[in-house]
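*Asks:* Below is the file my_file.pdb, with PDB, C-alpha atoms.
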```pdb
ATOM      1  CA  MET A   1     238.559 131.207 166.648
ATOM      2  CA  SER A   2     235.703 132.410 168.809
ATOM      3  CA  VAL A   3     235.082 135.580 170.761
ATOM      4  CA  ALA A   4     233.055 135.906 173.951
ATOM      5  CA  THR A   5     232.072 139.372 175.093
ATOM      6  CA  TYR A   6     231.659 140.505 178.691
ATOM      7  CA  THR A   7     230.638 143.825 180.166
ATOM      8  CA  VAL A   8     232.831 144.820 183.081
ATOM      9  CA  SER A   9     232.235 147.710 185.435
ATOM     10  CA  GLY A  10     234.581 149.465 187.807
ATOM     11  CA  MET A  11     237.561 149.909 185.506
ATOM     12  CA  THR A  12     238.754 153.509 185.719
ATOM     13  CA  CYS A  13     242.183 153.649 184.115
ATOM     14  CA  GLY A  14     244.842 151.878 182.137
ATOM     15  CA  HIS A  15     246.041 150.040 185.224
ATOM     16  CA  CYS A  16     242.590 148.511 185.600
ATOM     17  CA  VAL A  17     242.642 147.453 181.963
ATOM     18  CA  SER A  18     246.026 145.814 182.524
ATOM     19  CA  SER A  19     244.772 143.939 185.579
ATOM     20  CA  VAL A  20     241.753 142.540 183.761
ATOM     21  CA  THR A  21     243.787 141.673 180.668
ATOM     22  CA  GLU A  22     246.357 139.870 182.781
ATOM     23  CA  GLU A  23     243.918 137.880 184.916
ATOM     24  CA  VAL A  24     241.638 136.865 182.053
ATOM     25  CA  GLY A  25     244.651 136.062 179.892
ATOM     26  CA  GLU A  26     245.657 133.399 182.415
ATOM     27  CA  VAL A  27     242.410 131.468 181.986
ATOM     28  CA  PRO A  28     243.113 128.171 180.155
ATOM     29  CA  GLY A  29     242.248 128.353 176.473
ATOM     30  CA  VAL A  30     242.219 132.136 176.220
ATOM     31  CA  THR A  31     244.385 133.398 173.373
ATOM     32  CA  GLY A  32     243.522 137.078 173.475
ATOM     33  CA  VAL A  33     241.863 139.723 175.634
ATOM     34  CA  GLU A  34     240.762 143.105 174.366
ATOM     35  CA  VAL A  35     239.400 145.688 176.775
ATOM     36  CA  ASP A  36     237.617 148.928 175.959
ATOM     37  CA  LEU A  37     237.927 151.117 179.035
ATOM     38  CA  ALA A  38     235.245 153.608 178.023
ATOM     39  CA  THR A  39     232.498 151.037 177.552
ATOM     40  CA  GLY A  40     233.756 148.248 179.815
ATOM     41  CA  ARG A  41     233.572 145.825 176.915
ATOM     42  CA  VAL A  42     235.923 142.873 177.230
ATOM     43  CA  ASP A  43     236.367 140.578 174.229
ATOM     44  CA  VAL A  44     237.893 137.233 175.061
ATOM     45  CA  THR A  45     239.328 135.324 172.128
ATOM     46  CA  SER A  46     240.022 131.598 172.086
ATOM     47  CA  ASP A  47     240.746 128.743 169.718
ATOM     48  CA  GLY A  48     238.874 126.176 171.782
ATOM     49  CA  PRO A  49     236.371 125.970 174.618
ATOM     50  CA  VAL A  50     236.828 128.361 177.541
ATOM     51  CA  ASP A  51     235.117 128.031 180.904
ATOM     52  CA  ASP A  52     232.781 131.010 181.166
ATOM     53  CA  GLY A  53     232.810 130.721 184.955
ATOM     54  CA  ALA A  54     236.604 130.880 184.992
ATOM     55  CA  VAL A  55     236.579 134.073 182.932
ATOM     56  CA  ARG A  56     234.038 135.659 185.275
ATOM     57  CA  ALA A  57     236.056 134.544 188.293
ATOM     58  CA  ALA A  58     239.200 136.066 186.779
ATOM     59  CA  ILE A  59     237.465 139.402 186.284
ATOM     60  CA  LYS A  60     236.278 139.379 189.898
ATOM     61  CA  GLU A  61     239.739 138.309 191.024
ATOM     62  CA  ALA A  62     241.110 141.400 189.301
ATOM     63  CA  GLY A  63     238.703 143.422 191.435
ATOM     64  CA  TYR A  64     235.892 144.268 189.019
ATOM     65  CA  GLN A  65     232.289 143.372 188.409
ATOM     66  CA  VAL A  66     230.969 141.550 185.394
ATOM     67  CA  ALA A  67     227.417 141.785 184.113
TER      68      ALA A  67
ATOM     69  CA  MET B   1     260.501 164.868 210.471
ATOM     70  CA  SER B   2     258.871 167.132 207.951
ATOM     71  CA  VAL B   3     255.882 166.728 205.670
ATOM     72  CA  ALA B   4     255.386 168.349 202.270
ATOM     73  CA  THR B   5     251.939 168.252 200.743
ATOM     74  CA  TYR B   6     251.147 168.103 197.030
ATOM     75  CA  THR B   7     247.863 168.066 195.179
ATOM     76  CA  VAL B   8     247.814 165.499 192.405
ATOM     77  CA  SER B   9     245.163 165.127 189.756
ATOM     78  CA  GLY B  10     244.353 162.229 187.466
ATOM     79  CA  MET B  11     244.465 159.402 189.995
ATOM     80  CA  THR B  12     241.344 157.291 189.600
ATOM     81  CA  CYS B  13     241.936 154.058 191.483
ATOM     82  CA  GLY B  14     244.116 152.139 193.879
ATOM     83  CA  HIS B  15     246.544 151.266 191.102
ATOM     84  CA  CYS B  16     247.135 154.956 190.520
ATOM     85  CA  VAL B  17     247.761 155.445 194.227
ATOM     86  CA  SER B  18     250.290 152.623 194.139
ATOM     87  CA  SER B  19     252.085 154.122 191.148
ATOM     88  CA  VAL B  20     252.435 157.523 192.792
ATOM     89  CA  THR B  21     253.451 156.019 196.123
ATOM     90  CA  GLU B  22     256.108 153.901 194.448
ATOM     91  CA  GLU B  23     257.593 156.639 192.270
ATOM     92  CA  VAL B  24     257.647 159.296 194.983
ATOM     93  CA  GLY B  25     258.976 156.770 197.496
ATOM     94  CA  GLU B  26     262.069 156.362 195.333
ATOM     95  CA  VAL B  27     263.007 160.037 195.615
ATOM     96  CA  PRO B  28     266.152 160.390 197.792
ATOM     97  CA  GLY B  29     265.332 161.427 201.356
ATOM     98  CA  VAL B  30     261.668 160.428 201.254
ATOM     99  CA  THR B  31     260.724 158.216 204.181
ATOM    100  CA  GLY B  32     256.982 157.998 203.645
ATOM    101  CA  VAL B  33     254.239 158.736 201.127
ATOM    102  CA  GLU B  34     250.575 158.967 201.971
ATOM    103  CA  VAL B  35     248.008 159.400 199.221
ATOM    104  CA  ASP B  36     244.345 160.283 199.562
ATOM    105  CA  LEU B  37     242.684 159.178 196.354
ATOM    106  CA  ALA B  38     239.478 161.140 196.889
ATOM    107  CA  THR B  39     241.152 164.512 197.306
ATOM    108  CA  GLY B  40     244.414 163.904 195.431
ATOM    109  CA  ARG B  41     246.362 164.946 198.506
ATOM    110  CA  VAL B  42     249.837 163.462 198.679
ATOM    111  CA  ASP B  43     251.812 163.862 201.900
ATOM    112  CA  VAL B  44     255.518 163.260 201.532
ATOM    113  CA  THR B  45     257.411 162.623 204.747
ATOM    114  CA  SER B  46     261.154 162.976 205.185
ATOM    115  CA  ASP B  47     263.807 163.228 207.863
ATOM    116  CA  GLY B  48     266.006 165.571 205.867
ATOM    117  CA  PRO B  49     265.859 167.833 202.819
ATOM    118  CA  VAL B  50     264.017 166.533 199.766
ATOM    119  CA  ASP B  51     264.256 168.027 196.283
ATOM    120  CA  ASP B  52     260.820 169.463 195.539
ATOM    121  CA  GLY B  53     261.505 169.230 191.811
ATOM    122  CA  ALA B  54     262.375 165.549 192.128
ATOM    123  CA  VAL B  55     259.073 164.848 193.880
ATOM    124  CA  ARG B  56     257.160 166.689 191.170
ATOM    125  CA  ALA B  57     259.097 164.849 188.474
ATOM    126  CA  ALA B  58     258.296 161.521 190.142
ATOM    127  CA  ILE B  59     254.584 162.313 190.164
ATOM    128  CA  LYS B  60     254.705 163.208 186.476
ATOM    129  CA  GLU B  61     256.777 160.099 185.798
ATOM    130  CA  ALA B  62     253.969 158.056 187.335
ATOM    131  CA  GLY B  63     251.638 159.686 184.825
ATOM    132  CA  TYR B  64     249.820 162.310 186.864
ATOM    133  CA  GLN B  65     249.658 166.045 187.192
ATOM    134  CA  VAL B  66     250.706 168.015 190.223
ATOM    135  CA  ALA B  67     249.419 171.456 191.150
TER     136      ALA B  67
END
```
So that I can check it, write out the structure of this file as structure tokens.

*Replies:*
Amino acid sequence: MSVATYTVSGMTCGHCVSSVTEEVGEVPGVTGVEVDLATGRVDVTSDGPVDDGAVRAAIKEAGYQVA
Amino acid sequence: MSVATYTVSGMTCGHCVSSVTEEVGEVPGVTGVEVDLATGRVDVTSDGPVDDGAVRAAIKEAGYQVA
């Protein structure tokens, strides 16, 4: 299992957390998404390789910015 | 047509606006809901009588506070 961490800005509430969790969770290979609203930290868990670009695209698709 | 205005606090993003719009829109008699995120102003339009308590309950149900 591996964890990749992203810093996301623009999330303001639980709905935003849900949107990011949902979009990132749909990226192939992702097995878990954990979001900390206060810090914008998003931990993406997987058992195999995950396309970093796809994760970033998913975050943007949800409507947020990723550092 | 009449319009009742409420001041709602706790809405932080478009998702919050959607939640309030949806919940209040389900109150019997309500024909329109307009939310201004920046000010928290919620205008509830109707053609007939609307239960003020039901509107307030709907806002709380959505997870926000109403003045």

*Asks:* Provide as a VMD selection string the residues of chain A at most 7 Å from chain B, counting all atoms listed in the file.

*Replies:* chain A and resid 12 to 13 15

*Asks:* As an exercise, work out the distance from CA of Gly29 in chain A to CA of Thr7 in chain A in Å and give it to one decimal place.

*Replies:*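 Atom-to-atom, CA of Gly29 in chain A to CA of Thr7 in chain A, that is 19.7 Å.
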
*Asks:* For the file shown, report as a list in words the outcome of the PyMOL selection byres ((chain B and resi 48) around 9) at residue level.

*Replies:*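 Residues picked by the PyMOL selection byres ((chain B and resi 48) around 9): Met1, Ser2, Gly29, Val30, Ser46, Asp47, Pro49 and Val50 of chain B.
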
*Asks:* Can you list, as a count of residues only, every protein, DNA or RNA residue that comes within 9 Å of Gly32 in chain B when you count all atoms listed in the file, leaving out same-chain residues fewer than 6 positions away?

*Replies:* 7

*Asks:* Excluding range 37-41 of chain A and residues on its chain fewer than 6 positions from it, collect all residues at most 7 Å away from it, counting all atoms listed in the file, and give them as a count of residues only.

*Replies:* 7

*Asks:* Distance CA of Ala57 in chain B-CA of Asp36 in chain B, one decimal place?

*Replies:*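 Taking CA of Ala57 in chain B as the start and CA of Asp36 in chain B as the end point, the length is 19.0 Å.
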
*Asks:* Can you tell me, as JSON, the centre and edge lengths (Å, one decimal) of the axis-aligned box enclosing all of range 13-22 of chain B's listed atoms after padding each side by 6 Å?

*Replies:*
```
{"center_x": 249.0, "center_y": 154.4, "center_z": 193.3, "size_x": 26.2, "size_y": 18.3, "size_z": 17.6}
```

*Asks:* Between CA of Glu61 in chain B and CA of Val20 in chain A, what is the distance in Å, rounded to a tenth?

*Replies:*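 For CA of Glu61 in chain B relative to CA of Val20 in chain A, the distance reads 23.2 Å.
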
*Asks:* Quick one: of B:Glu23, B:Ala67, B:Ala4, B:Val35, who's nearest to Asp51 in chain B, counting only C-alpha atoms?

*Replies:*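 Checking each of B:Glu23, B:Ala67, B:Ala4, B:Val35 against Asp51 in chain B, counting only C-alpha atoms, the winner is B:Ala4.
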